[in-house]
$ cat coords25.txt   # compact mmCIF, C-alpha atoms
# COMPACT_ATOMS: atom_id res chain seq x y z
CA MET A 111 89.58 49.28 104.03
CA LEU A 112 90.65 52.91 103.64
CA GLU A 113 90.27 53.61 107.35
CA GLN A 114 92.28 50.50 108.17
CA ASP A 115 95.08 51.64 105.85
CA ILE A 116 95.10 55.08 107.47
CA SER A 117 95.24 53.54 110.95
CA ASP A 118 98.20 51.34 109.96
CA ILE A 119 100.00 54.29 108.38
CA ARG A 120 99.48 56.37 111.52
CA GLU A 121 101.12 53.70 113.65
CA ASN A 122 104.01 53.37 111.21
CA LEU A 123 104.50 57.13 111.22
CA ARG A 124 104.72 57.13 115.00
CA ARG A 125 107.35 54.38 114.83
CA GLY A 126 109.35 56.25 112.19
CA SER A 127 108.92 53.49 109.61
CA TYR A 128 109.24 55.83 106.60
CA PRO A 129 112.86 57.05 106.67
CA ASN A 130 113.02 58.62 103.20
CA GLU A 131 111.01 59.89 100.26
CA ALA A 132 110.93 56.49 98.52
CA ALA A 133 109.45 54.87 101.62
CA VAL A 134 106.77 57.56 101.82
CA SER A 135 106.00 57.15 98.13
CA GLN A 136 105.68 53.37 98.18
CA GLY A 137 104.45 52.76 101.70
CA ILE A 138 101.92 55.60 102.00
CA VAL A 139 101.04 57.29 98.70
CA LEU A 140 100.71 54.22 96.48
CA ARG A 141 99.00 52.24 99.22
CA LEU A 142 96.31 54.90 99.65
CA LEU A 143 95.88 55.41 95.91
CA ARG A 144 95.34 51.69 95.44
CA THR A 145 92.66 51.65 98.13
CA LEU A 146 91.07 54.73 96.56
CA GLY A 147 90.51 52.75 93.38
CA TRP A 148 93.48 53.83 91.29
CA PRO A 149 95.11 51.16 89.08
CA VAL A 150 98.62 51.77 90.36
CA ASP A 151 99.96 49.07 88.03
CA LYS A 152 98.98 51.14 84.96
CA PRO A 153 101.67 53.82 84.54
CA GLN A 154 99.61 55.76 81.98
CA VAL A 155 96.95 56.29 84.66
CA VAL A 156 99.08 56.58 87.81
CA TYR A 157 102.00 58.14 85.99
CA PRO A 158 105.25 58.06 88.04
CA GLU A 159 107.83 60.81 87.54
CA TYR A 160 105.68 62.67 85.06
CA THR A 161 108.09 64.73 82.96
CA LEU A 162 107.31 68.19 81.72
CA GLU A 163 109.33 71.15 80.55
CA GLY A 164 111.70 72.21 83.27
CA GLY A 165 111.23 69.27 85.62
CA ARG A 166 109.04 66.43 86.76
CA VAL A 167 106.29 65.60 89.25
CA ASP A 168 106.36 62.46 91.37
CA TYR A 169 102.88 61.31 90.30
CA ALA A 170 100.29 62.43 87.79
CA LEU A 171 96.84 60.93 88.19
CA CYS A 172 95.47 60.78 84.66
CA HIS A 173 92.06 60.56 83.04
CA PRO A 174 91.98 59.62 80.28
CA ALA A 175 95.32 57.82 80.14
CA SER A 176 98.35 60.13 79.97
CA LYS A 177 96.21 63.24 80.53
CA PRO A 178 97.09 64.61 84.01
CA ARG A 179 94.22 65.67 86.23
CA VAL A 180 96.00 65.68 89.61
CA PHE A 181 99.67 66.26 90.43
CA ILE A 182 101.12 64.72 93.59
CA GLU A 183 104.51 65.82 94.89
CA VAL A 184 106.06 63.59 97.55
CA LYS A 185 108.64 64.62 100.12
CA GLN A 186 110.39 63.01 103.06
CA VAL A 187 108.51 63.22 106.34
CA GLY A 188 108.93 66.74 107.73
CA GLN A 189 110.57 68.07 104.55
CA SER A 190 107.65 69.50 102.57
CA ASP A 191 108.02 73.17 103.49
CA GLY A 192 108.76 75.41 100.53
CA ALA A 193 107.92 72.82 97.87
CA GLU A 194 104.67 74.51 96.81
CA ARG A 195 106.18 76.94 94.33
CA GLN A 196 107.51 74.40 91.85
CA LEU A 197 104.38 72.26 92.16
CA PHE A 198 102.19 75.28 91.44
CA GLU A 199 104.20 76.26 88.40
CA TYR A 200 103.90 72.79 86.93
CA ALA A 201 100.18 72.47 87.69
CA PHE A 202 99.31 75.96 86.44
CA HIS A 203 101.15 75.66 83.12
CA GLN A 204 99.74 72.19 82.48
CA GLY A 205 96.19 73.22 83.36
CA VAL A 206 95.95 70.59 86.11
CA PRO A 207 92.97 71.47 88.33
CA LEU A 208 94.20 69.89 91.58
CA ALA A 209 97.66 69.67 93.15
CA VAL A 210 98.70 67.73 96.24
CA LEU A 211 101.84 68.13 98.33
CA THR A 212 102.57 65.47 100.93
CA ASP A 213 105.30 64.15 103.18
CA GLY A 214 103.08 61.21 104.11
CA ARG A 215 102.05 62.74 107.40
CA GLU A 216 100.71 66.07 106.11
CA TRP A 217 98.66 66.38 102.95
CA SER A 218 98.02 69.82 101.44
CA PHE A 219 95.36 70.04 98.73
CA PHE A 220 95.64 73.07 96.42
CA LEU A 221 93.50 74.68 93.74
CA PRO A 222 96.20 76.04 91.38
CA ALA A 223 93.75 78.22 89.44
CA GLY A 224 92.61 80.03 92.58
CA ALA A 225 93.57 83.58 93.46
CA GLY A 226 96.06 84.69 96.07
CA SER A 227 99.22 83.27 97.58
CA TYR A 228 100.08 79.59 97.73
CA ASP A 229 98.66 79.37 101.21
CA GLU A 230 95.45 81.10 100.15
CA ARG A 231 94.97 78.55 97.38
CA ARG A 232 95.25 75.65 99.80
CA ILE A 233 91.77 74.25 100.26
CA TYR A 234 92.65 71.82 103.03
CA LYS A 235 95.60 70.68 105.12
CA LEU A 236 95.29 67.17 106.50
CA ASN A 237 97.55 65.79 109.21
CA LEU A 238 97.13 62.03 109.59
CA LEU A 239 98.37 62.08 113.18
CA GLU A 240 96.12 64.93 114.31
CA HIS A 241 92.87 64.33 112.43
CA GLU A 242 90.45 61.53 113.18
CA VAL A 243 90.75 58.50 110.93
CA THR A 244 87.18 58.89 109.66
CA ASP A 245 87.78 62.57 108.78
CA SER A 246 90.99 61.71 106.94
CA ALA A 247 89.23 58.98 104.95
CA ARG A 248 86.44 61.38 104.03
CA LYS A 249 88.90 63.95 102.66
CA PHE A 250 90.80 61.37 100.63
CA GLU A 251 87.53 60.13 99.14
CA ARG A 252 86.46 63.70 98.40
CA TYR A 253 89.60 64.80 96.57
CA LEU A 254 91.54 61.73 95.44
CA SER A 255 89.27 58.76 94.83
CA HIS A 256 89.47 57.41 91.29
CA LYS A 257 85.72 57.73 90.92
CA ALA A 258 85.64 61.38 92.05
CA VAL A 259 88.48 62.40 89.73
CA ARG A 260 87.02 60.60 86.71
CA SER A 261 83.57 62.14 87.21
CA GLY A 262 84.92 65.62 87.97
CA ALA A 263 83.30 65.60 91.42
CA ALA A 264 86.72 66.03 93.04
CA PHE A 265 87.30 69.32 91.22
CA THR A 266 83.80 70.60 91.94
CA ALA A 267 84.36 69.82 95.63
CA ALA A 268 87.74 71.57 95.54
CA GLN A 269 86.22 74.71 94.02
CA ASP A 270 83.40 74.73 96.59
CA ASP A 271 85.85 74.34 99.45
CA TYR A 272 88.09 77.06 98.04
CA ARG A 273 85.16 79.49 98.02
CA ASP A 274 84.33 78.56 101.62
CA VAL A 275 87.93 79.14 102.71
CA ALA A 276 88.06 82.48 100.88
CA ARG A 277 84.75 83.57 102.45
CA GLU A 278 85.96 82.68 105.92
CA ARG A 279 89.16 84.63 105.32
CA GLU A 280 87.13 87.68 104.26
CA ILE A 281 85.19 87.50 107.53
CA HIS A 282 88.30 87.41 109.67
CA ASP A 283 90.28 90.07 107.81
CA PRO A 284 88.11 93.02 108.94
CA SER A 285 88.65 92.05 112.58
CA GLN A 286 92.40 91.90 112.05
CA LYS A 287 92.40 95.28 110.32
CA ALA A 288 90.29 96.77 113.11
CA TRP A 289 92.69 95.50 115.74
CA ALA A 290 95.61 96.96 113.78
CA LYS A 291 93.92 100.35 114.04
CA LEU A 292 93.52 100.08 117.78
CA VAL A 293 97.14 99.40 118.74
CA PRO A 294 99.86 100.40 118.96
CA ASP A 295 99.92 103.70 117.06
CA GLU A 296 96.50 104.65 115.75
CA GLY A 297 94.89 103.36 118.92
CA GLU A 298 96.86 105.46 121.40
CA TYR A 299 93.81 107.64 121.94
CA HIS A 300 91.58 104.68 122.80
CA LEU A 301 94.13 103.24 125.21
CA GLU A 302 94.50 106.56 126.99
CA VAL A 303 90.74 107.13 127.21
CA ILE A 304 90.16 103.73 128.81
CA ALA A 305 93.06 104.15 131.22
CA ASP A 306 91.85 107.66 132.17
CA CYS A 307 88.33 106.40 132.77
CA VAL A 308 89.45 103.51 134.97
CA GLU A 309 91.69 105.85 136.96
CA TYR A 310 88.85 108.32 137.49
CA LEU A 311 86.36 105.67 138.58
CA TYR A 312 88.57 103.39 140.67
CA GLY A 313 91.51 105.48 141.77
CA TYR A 314 94.25 103.56 139.99
CA ARG A 315 95.58 103.61 136.45
CA PRO A 316 95.85 100.30 134.57
CA GLY A 317 99.02 99.57 132.68
CA ARG A 318 99.15 99.61 128.90
CA ASP A 319 99.42 95.80 128.71
CA THR A 320 96.25 95.44 130.76
CA VAL A 321 94.27 97.76 128.49
CA GLU A 322 95.60 96.08 125.35
CA HIS A 323 94.62 92.69 126.74
CA PHE A 324 91.11 93.97 127.44
CA LEU A 325 90.73 95.30 123.89
CA ARG A 326 92.09 92.09 122.40
CA GLU A 327 89.58 90.04 124.34
CA MET A 328 86.75 92.27 123.16
CA VAL A 329 87.81 91.91 119.53
CA HIS A 330 88.04 88.13 119.60
CA GLN A 331 85.08 87.42 121.86
CA THR A 332 82.47 88.66 119.45
CA GLY A 333 79.19 89.07 121.25
CA ALA A 334 80.65 88.05 124.61
CA LYS A 335 80.15 90.45 127.49
CA PRO A 336 83.18 91.34 129.59
CA PRO A 337 83.14 90.10 133.18
CA HIS A 338 81.24 92.37 135.52
CA THR A 339 83.36 94.58 137.71
CA PRO A 340 81.74 95.89 140.91
CA ALA A 341 81.00 99.60 140.85
CA ARG A 342 83.20 101.79 142.95
CA PRO A 343 81.52 102.67 146.27
CA SER A 344 79.97 106.14 146.31
CA PRO A 345 81.47 108.73 148.65
CA PRO A 346 79.63 109.44 151.96
CA SER A 347 76.31 111.15 151.40
CA ASP A 348 76.74 113.57 154.35
CA PRO A 349 79.10 116.38 153.36
CA PRO A 350 81.58 117.72 155.94
CA PRO A 351 80.46 120.76 157.99
CA ASN A 352 80.42 124.11 156.17
CA ALA A 353 81.22 122.43 152.86
CA GLU A 354 79.88 124.21 149.82
CA GLU A 355 77.25 122.35 147.94
CA THR A 356 78.26 121.80 144.37
CA GLU A 357 76.53 120.15 141.49
CA PRO A 358 78.08 116.84 140.44
CA ALA A 359 80.27 117.26 137.42
CA GLU A 360 79.01 115.71 134.24
CA VAL A 361 81.53 113.25 132.87
CA MET A 362 81.59 112.31 129.21
CA LEU A 363 82.60 108.67 128.95
CA PRO A 364 83.90 107.09 125.73
CA GLN A 365 81.38 105.29 123.58
CA PRO A 366 81.85 101.73 122.31
CA LEU A 367 84.38 101.45 119.51
CA ASP A 368 82.71 100.58 116.21
CA LEU A 369 84.82 97.94 114.49
CA GLY A 370 82.43 96.96 111.74
CA THR A 371 82.09 93.19 112.21
CA ALA A 372 82.83 93.34 115.94
CA SER A 373 81.79 95.91 118.51
CA VAL A 374 84.29 96.61 121.23
CA GLY A 375 82.81 98.34 124.26
CA LEU A 376 83.92 99.20 127.72
CA PRO A 377 82.80 97.14 130.73
CA GLN A 378 79.49 98.37 132.10
CA PRO A 379 81.07 100.04 135.16
CA LEU A 380 83.22 102.10 132.79
CA MET A 381 80.23 103.27 130.76
CA GLN A 382 77.75 104.18 133.52
CA PRO A 383 77.96 106.46 136.57
CA ALA A 384 78.46 104.73 139.89
CA LYS A 385 75.28 104.02 141.79
CA GLY A 386 74.18 106.73 144.19
CA SER A 387 76.00 109.49 142.37
CA GLY A 388 73.01 111.11 140.68
CA SER A 389 73.17 112.02 137.02
CA GLY A 390 76.98 112.19 137.04
CA LEU A 391 79.98 111.06 139.02
CA SER A 392 80.65 112.48 142.46
CA PRO A 393 83.96 114.29 142.53
CA GLU A 394 86.68 112.91 144.77
$ encode --input "coords25.txt" --output "structure tokens"
Amino acid sequence: MLEQDISDIRENLRRGSYPNEAAVSQGIVLRLLRTLGWPVDKPQVVYPEYTLEGGRVDYALCHPASKPRVFIEVKQVGQSDGAERQLFEYAFHQGVPLAVLTDGREWSFFLPAGAGSYDERRIYKLNLLEHEVTDSARKFERYLSHKAVRSGAAFTAAQDDYRDVAREREIHDPSQKAWAKLVPDEGEYHLEVIADCVEYLYGYRPGRDTVEHFLREMVHQTGAKPPHTPARPSPPSDPPPNAEETEPAEVMLPQPLDLGTASVGLPQPLMQPAKGSGSGLSPE
């Protein structure tokens, strides 16, 4: 039943059948809440226009009656941006553990008691037109079913998902900080070293954009090896007549850049002497 409702709502959204906030509220929000087991005909349980000091919230899902457990703020389709602040203030001061902001198409589930910005306290963002129907139904059951809210399972799930989101953010932040150190200012040395090395080995100097692109790929492709570039051909082994024999110069090549969670290295041809050149590189 829930999946059928979501499928119908998706089609109506595509046809533009919800022209205003009231249509979203009645045609989407209440319809889904009813299917999720909420007694929408009992205003002390599904409390419309719940009034509190300084304003009101479109719906308060209550358990027991008149005790809000979830706040739902409804906006017109495409008009939900920037509405988080007021919703958070209401939810935080009322001690409501879960807050939902929706325009019918997008549903943002928040943990008001979490740490960080509004976006960092969002545990999930569901788009009915982009997510599979089965996935959407699973999220609604997880966070908004009457049974889950009454038992407290919805809030336990929200806290678990918040921790997962925070942990994932902690994993990605070091990579972003490492990249910030590479370009454009603090990484000038690394860019120049790579460009110098390529010029020495292959006779041409790559542009800055090319080197930055290479570094960016290495940061994001954790564990992936860069494509192999053929080694530059060695110079002829027979020296010209009467040429002085000189020892090949030893060239110190840059080592891989240690970025903590990701290791950025140079392509193999940039880190090893060309074949046939002995222990170092043959001078031009």
$ atom_distance --input "coords25.txt" --atom1 "CA of Ala268 in chain A" --atom2 "CA of Ala132 in chain A"
27.8 Å
$ closest_residue --input "coords25.txt" --among "A:Val259, A:Leu301, A:Gln186, A:Tyr310" --to "Phe324 in chain A" --atoms "all atoms listed in the file"
A:Leu301
$ axis_aligned_box --input "coords25.txt" --around "range 164-182 of chain A" --padding-each-side "5 Å" --output "lines of an AutoDock Vina configuration file"
center_x = 101.8
center_y = 65.0
center_z = 86.8
size_x = 29.7
size_y = 24.4
size_z = 23.6
$ atom_distance --input "coords25.txt" --atom1 "CA of Lys249 in chain A" --atom2 "CA of Val155 in chain A"
21.2 Å
$ closest_residue --input "coords25.txt" --among "A:Glu327, A:Glu163, A:Asp271, A:Asp168" --to "Gly224 in chain A" --atoms "all atoms listed in the file"
A:Asp271
$ closest_residue --input "coords25.txt" --among "A:Pro316, A:Gly226, A:Trp217, A:Tyr169" --to "Ser246 in chain A" --atoms "all atoms listed in the file"
A:Trp217
$ closest_residue --input "coords25.txt" --among "A:Glu183, A:Ala209, A:Leu146, A:Glu131" --to "Arg248 in chain A" --atoms "only C-alpha atoms"
A:Leu146
$ residues_around --input "coords25.txt" --residues "Ser127 in chain A" --least-positions-apart "4" --cutoff "12 Å" --atoms "only C-alpha atoms" --output "PDB file with C-alpha atoms, in the frame of the given file"
ATOM      1  CA  ASP A 118      98.200  51.340 109.960  1.00  0.00           C
ATOM      2  CA  ILE A 119     100.000  54.290 108.380  1.00  0.00           C
ATOM      3  CA  ARG A 120      99.480  56.370 111.520  1.00  0.00           C
ATOM      4  CA  GLU A 121     101.120  53.700 113.650  1.00  0.00           C
ATOM      5  CA  ASN A 122     104.010  53.370 111.210  1.00  0.00           C
ATOM      6  CA  LEU A 123     104.500  57.130 111.220  1.00  0.00           C
ATOM      7  CA  GLU A 131     111.010  59.890 100.260  1.00  0.00           C
ATOM      8  CA  ALA A 132     110.930  56.490  98.520  1.00  0.00           C
ATOM      9  CA  ALA A 133     109.450  54.870 101.620  1.00  0.00           C
ATOM     10  CA  VAL A 134     106.770  57.560 101.820  1.00  0.00           C
ATOM     11  CA  GLN A 136     105.680  53.370  98.180  1.00  0.00           C
ATOM     12  CA  GLY A 137     104.450  52.760 101.700  1.00  0.00           C
ATOM     13  CA  ILE A 138     101.920  55.600 102.000  1.00  0.00           C
ATOM     14  CA  GLN A 186     110.390  63.010 103.060  1.00  0.00           C
ATOM     15  CA  VAL A 187     108.510  63.220 106.340  1.00  0.00           C
ATOM     16  CA  GLY A 214     103.080  61.210 104.110  1.00  0.00           C
ATOM     17  CA  ARG A 215     102.050  62.740 107.400  1.00  0.00           C
TER      18      ARG A 215
END
$ closest_residue --input "coords25.txt" --among "A:Phe265, A:Tyr157, A:Tyr272, A:Trp148" --to "Val206 in chain A" --atoms "only C-alpha atoms"
A:Phe265
$ residues_around --input "coords25.txt" --residues "Phe219 in chain A" --least-positions-apart "4" --cutoff "10 Å" --atoms "only C-alpha atoms" --output "MDAnalysis selection string"
chainID A and resid 182 208:212 231:236 249:250 253:254 268
$ atom_distance --input "coords25.txt" --atom1 "CA of Ala170 in chain A" --atom2 "CA of Ser255 in chain A"
13.6 Å
$ closest_residue --input "coords25.txt" --among "A:Glu216, A:Glu251, A:Asp191, A:Asp319" --to "Asn237 in chain A" --atoms "all atoms listed in the file"
A:Glu216
$ build_atoms --input "coords25.txt" --residues "range 201-224 of chain A" --atoms "N, CA and C atoms" --output "mmCIF file, in the frame of the given file"
data_model
loop_
_atom_site.group_PDB
_atom_site.id
_atom_site.type_symbol
_atom_site.label_atom_id
_atom_site.label_comp_id
_atom_site.auth_asym_id
_atom_site.auth_seq_id
_atom_site.Cartn_x
_atom_site.Cartn_y
_atom_site.Cartn_z
ATOM 1 N N ALA A 201 101.625 72.685 87.790
ATOM 2 C CA ALA A 201 100.180 72.470 87.690
ATOM 3 C C ALA A 201 99.515 73.585 86.883
ATOM 4 N N PHE A 202 99.940 74.825 87.115
ATOM 5 C CA PHE A 202 99.310 75.960 86.440
ATOM 6 C C PHE A 202 99.567 75.899 84.927
ATOM 7 N N HIS A 203 100.815 75.649 84.549
ATOM 8 C CA HIS A 203 101.150 75.660 83.120
ATOM 9 C C HIS A 203 100.577 74.450 82.394
ATOM 10 N N GLN A 204 100.325 73.371 83.099
ATOM 11 C CA GLN A 204 99.740 72.190 82.480
ATOM 12 C C GLN A 204 98.215 72.190 82.543
ATOM 13 N N GLY A 205 97.645 73.172 83.233
ATOM 14 C CA GLY A 205 96.190 73.220 83.360
ATOM 15 C C GLY A 205 95.622 72.122 84.237
ATOM 16 N N VAL A 206 96.400 71.657 85.193
ATOM 17 C CA VAL A 206 95.950 70.590 86.110
ATOM 18 C C VAL A 206 95.110 71.228 87.214
ATOM 19 N N PRO A 207 93.874 70.778 87.405
ATOM 20 C CA PRO A 207 92.970 71.470 88.330
ATOM 21 C C PRO A 207 93.215 71.223 89.814
ATOM 22 N N LEU A 208 93.987 70.186 90.169
ATOM 23 C CA LEU A 208 94.200 69.890 91.580
ATOM 24 C C LEU A 208 95.640 69.461 91.794
ATOM 25 N N ALA A 209 96.272 70.005 92.831
ATOM 26 C CA ALA A 209 97.660 69.670 93.150
ATOM 27 C C ALA A 209 97.746 69.271 94.620
ATOM 28 N N VAL A 210 98.570 68.265 94.891
ATOM 29 C CA VAL A 210 98.700 67.730 96.240
ATOM 30 C C VAL A 210 100.173 67.670 96.607
ATOM 31 N N LEU A 211 100.486 68.200 97.792
ATOM 32 C CA LEU A 211 101.840 68.130 98.330
ATOM 33 C C LEU A 211 101.788 67.333 99.625
ATOM 34 N N THR A 212 102.625 66.296 99.728
ATOM 35 C CA THR A 212 102.570 65.470 100.930
ATOM 36 C C THR A 212 103.955 64.980 101.340
ATOM 37 N N ASP A 213 104.128 64.836 102.644
ATOM 38 C CA ASP A 213 105.300 64.150 103.180
ATOM 39 C C ASP A 213 104.852 62.845 103.857
ATOM 40 N N GLY A 214 103.649 62.418 103.534
ATOM 41 C CA GLY A 214 103.080 61.210 104.110
ATOM 42 C C GLY A 214 102.279 61.480 105.361
ATOM 43 N N ARG A 215 102.764 62.375 106.172
ATOM 44 C CA ARG A 215 102.050 62.740 107.400
ATOM 45 C C ARG A 215 101.087 63.896 107.147
ATOM 46 N N GLU A 216 101.552 64.930 106.459
ATOM 47 C CA GLU A 216 100.710 66.070 106.110
ATOM 48 C C GLU A 216 100.392 66.048 104.629
ATOM 49 N N TRP A 217 99.131 66.340 104.332
ATOM 50 C CA TRP A 217 98.660 66.380 102.950
ATOM 51 C C TRP A 217 98.013 67.751 102.716
ATOM 52 N N SER A 218 98.583 68.520 101.790
ATOM 53 C CA SER A 218 98.020 69.820 101.440
ATOM 54 C C SER A 218 97.395 69.725 100.054
ATOM 55 N N PHE A 219 96.117 70.086 99.986
ATOM 56 C CA PHE A 219 95.360 70.040 98.730
ATOM 57 C C PHE A 219 95.195 71.480 98.219
ATOM 58 N N PHE A 220 95.626 71.720 96.988
ATOM 59 C CA PHE A 220 95.640 73.070 96.420
ATOM 60 C C PHE A 220 94.761 73.153 95.179
ATOM 61 N N LEU A 221 94.196 74.340 94.979
ATOM 62 C CA LEU A 221 93.500 74.680 93.740
ATOM 63 C C LEU A 221 94.402 75.649 92.982
ATOM 64 N N PRO A 222 95.220 75.173 92.048
ATOM 65 C CA PRO A 222 96.200 76.040 91.380
ATOM 66 C C PRO A 222 95.594 77.248 90.684
ATOM 67 N N ALA A 223 94.369 77.114 90.172
ATOM 68 C CA ALA A 223 93.750 78.220 89.440
ATOM 69 C C ALA A 223 93.133 79.266 90.353
ATOM 70 N N GLY A 224 93.184 79.056 91.661
ATOM 71 C CA GLY A 224 92.610 80.030 92.580
ATOM 72 C C GLY A 224 93.429 81.301 92.645
#
